[in-house]
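One structure is given here, and the rest of the page talks about it.
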Amino acid sequence: MVTTLLIIHGLVAVVLLGGLTHQAAAACWPAKSKTSLLASFRSVTGARYTTANIVLYVVAVALGAVIYPAYRLAVRPYLESAQLWTINGTFEVKEQFVTIGLGMLPLYWLVWRTPLDAKLAAARAAITALLCFIVWYSFLVGHVLNNVRGLFGR
C-alpha cells in the first residue's frame, strides 16, 4: 500500500511541477508573443493554474503525511546507521520547506485572484518562484531518497 501511495504522491508532484513551473515562467518572464517554444511556454495565463496548484500541493502534502510513518520507521534508521547524514539532512530541510510552502498558499491565492492587480505583479512573481523552488527541491530530494538503497544499498 505504501508503494502505491508513493507512486501516486510522485505523479501528483510531477503534475504540480508542471503547473507551478508554467505559472512561474509566466509571472517572472511574461512573453509578448508565441513566436518560439520558450515564448509559448511563458505565455500561459498564470491565474488559471492557481486553484489546481493549491489543490495539488495540499494533496501532495497529505499523501506525504500518510507515507511519512513508513519513512520514519524504515528509511530514516537506515540512513542514520549508514551515516548518510547529507541525504537525511536534505530530507529534513525538505520537510521545513514544504511546511513553509503550505503556509504561503493563502498569500499565493490572494495575489493570483482575478482580476489580477497590476501592482501585485512583483509579489506574484516572487511567491510563485519561491513555491516553484520548494516543489522542485522537494521533488528532487524525494526522488533521490526513494532511490537511496539502490545507490548506497547493502
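Identifiers in this document derive from the order of the C-alpha cells: chains are assigned A, B, ..., residues are numbered from 1 separately in each chain, and ligands are numbered from 1 in order of occurrence.
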
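Excluding Ala122 of chain A itself and same-chain residues fewer than 3 positions from it, the residues having an atom within 10 Å of it are Ala27, Cys28, Val111, Ala118, Lys119, Ala125, Ala126, Ile127 and Thr128 of chain A, counting only C-alpha atoms.
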
Selection: 9 Å around Val61 of chain A, only C-alpha atoms, excl. self and same-chain fewer than 5 positions, as a ChimeraX atom specification:
/A:9,56,66,98-99,102

Give me the residues within 9 Å of Val59 of chain A as a PyMOL selection string, counting only C-alpha atoms and dropping any in the same chain fewer than 5 places off.
chain A and resi 9+12+54+64

Write the residues of the preceding selection, restricted to C-alpha atoms, as a short mmCIF file (atom, residue, chain, number, x, y, z; two decimals), in the first residue's frame.
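So the final result, stored in selection_36.cif, reads:
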data_model
loop_
_atom_site.label_atom_id
_atom_site.label_comp_id
_atom_site.auth_asym_id
_atom_site.auth_seq_id
_atom_site.Cartn_x
_atom_site.Cartn_y
_atom_site.Cartn_z
CA HIS A 9 2.45 11.01 -4.49
CA VAL A 12 0.82 14.36 -8.18
CA ILE A 54 -3.21 24.78 -4.48
CA GLY A 64 3.34 12.65 2.02
#

According to DSSP computed on the backbone, where in chain A is there helix (DSSP H, G or I)? Give the residues as a VMD selection string.
chain A and resid 2 to 28 37 to 42 46 to 81 85 to 111 118 to 146 148 to 152

Which polymer residues have any atom within 10 Å of an atom of Tyr57 of chain A, counting only C-alpha atoms, with same-chain residues fewer than 2 positions away left out, as a list of chain:residue names?
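My reading of the contact set: A:Val12, A:Ala13, A:Val15, A:Leu16, A:Leu17, A:Leu20, A:Thr51, A:Ala52, A:Asn53, A:Ile54, A:Val55, A:Val59, A:Ala60, A:Val61, A:Ala62, A:Leu63, A:Val98, A:Gly101, A:Leu102, A:Leu105, A:Leu131, A:Val135.
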
Show which residues sit within 8 Å of Gly46 of chain A, as a ChimeraX atom specification. Count only C-alpha atoms, and ignore same-chain residues fewer than 6 positions away.
/A:22-24,26-27

For all heavy atoms, I'd like the residues from the last selection saved as a short mmCIF file (atom, residue, chain, number, x, y, z; two decimals), in the first residue's frame.
data_model
loop_
_atom_site.label_atom_id
_atom_site.label_comp_id
_atom_site.auth_asym_id
_atom_site.auth_seq_id
_atom_site.Cartn_x
_atom_site.Cartn_y
_atom_site.Cartn_z
N HIS A 22 5.12 26.37 -15.20
CA HIS A 22 4.47 27.21 -16.22
C HIS A 22 4.07 28.56 -15.62
O HIS A 22 4.31 29.61 -16.22
CB HIS A 22 3.22 26.53 -16.76
CG HIS A 22 3.45 25.70 -17.98
ND1 HIS A 22 3.83 26.24 -19.18
CD2 HIS A 22 3.33 24.37 -18.17
CE1 HIS A 22 3.93 25.27 -20.07
NE2 HIS A 22 3.64 24.12 -19.48
N GLN A 23 3.44 28.51 -14.46
CA GLN A 23 2.97 29.74 -13.84
C GLN A 23 4.13 30.65 -13.44
O GLN A 23 4.06 31.86 -13.62
CB GLN A 23 2.10 29.41 -12.63
CG GLN A 23 1.33 30.58 -12.10
CD GLN A 23 0.44 30.19 -10.95
OE1 GLN A 23 0.84 29.40 -10.09
NE2 GLN A 23 -0.77 30.74 -10.92
N ALA A 24 5.20 30.07 -12.90
CA ALA A 24 6.36 30.87 -12.51
C ALA A 24 7.01 31.51 -13.73
O ALA A 24 7.42 32.68 -13.69
CB ALA A 24 7.36 30.02 -11.75
N ALA A 26 5.52 32.29 -16.51
CA ALA A 26 4.62 33.35 -16.98
C ALA A 26 4.69 34.58 -16.07
O ALA A 26 4.59 35.71 -16.56
CB ALA A 26 3.19 32.83 -17.04
N ALA A 27 4.87 34.37 -14.78
CA ALA A 27 4.90 35.50 -13.84
C ALA A 27 6.25 36.22 -13.86
O ALA A 27 6.30 37.45 -13.77
CB ALA A 27 4.60 35.02 -12.43
#

Please tabulate, as a Markdown table, the residues of segment 118-138 of chain A that come within 12 Å of segment 143-149 of chain A, each with its closest pair of atoms and the distance in Å to one decimal, counting only C-alpha atoms and ordering rows by chain, then residue number upward.
| residue | atom | partner | partner_atom | distance |
| --- | --- | --- | --- | --- |
| A:Val135 | CA | A:His143 | CA | 12.0 |
| A:Trp136 | CA | A:His143 | CA | 10.5 |
| A:Tyr137 | CA | A:His143 | CA | 9.9 |
| A:Ser138 | CA | A:His143 | CA | 8.4 |

I need the chosen residues saved as a PDB file, in the first residue's frame, with C-alpha atoms.
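What landed in selection03.pdb:
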ATOM      1  CA  VAL A 135       8.326  21.958  -5.178  1.00  0.00           C
ATOM      2  CA  TRP A 136      11.376  21.325  -7.406  1.00  0.00           C
ATOM      3  CA  TYR A 137      13.664  20.907  -4.388  1.00  0.00           C
ATOM      4  CA  SER A 138      11.173  18.583  -2.704  1.00  0.00           C
TER       5      SER A 138
END

Atomic distance atom CA of Val141 of chain A - atom CA of Thr90 of chain A, expressed in Å with one decimal:
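According to the coordinates, atom CA of Val141 of chain A and atom CA of Thr90 of chain A are separated by 6.7 Å.
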
Find the residues near Thr114 of chain A: any atom within 10 Å, counting only C-alpha atoms, skip ones fewer than 5 places away on the same chain, and give them as a PyMOL selection string.
chain A and resi 47-48+109

What gap, in Å, lies between atom CA of Gln83 of chain A and atom CA of Leu6 of chain A?
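Taking atom CA of Gln83 of chain A as the start and atom CA of Leu6 of chain A as the end point, the length is 24.2 Å.
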
Could you tell me which of A:Trp29, A:Val58, A:Tyr78, A:Ala70 comes closest to Ala121 of chain A if we count only C-alpha atoms?
A:Trp29
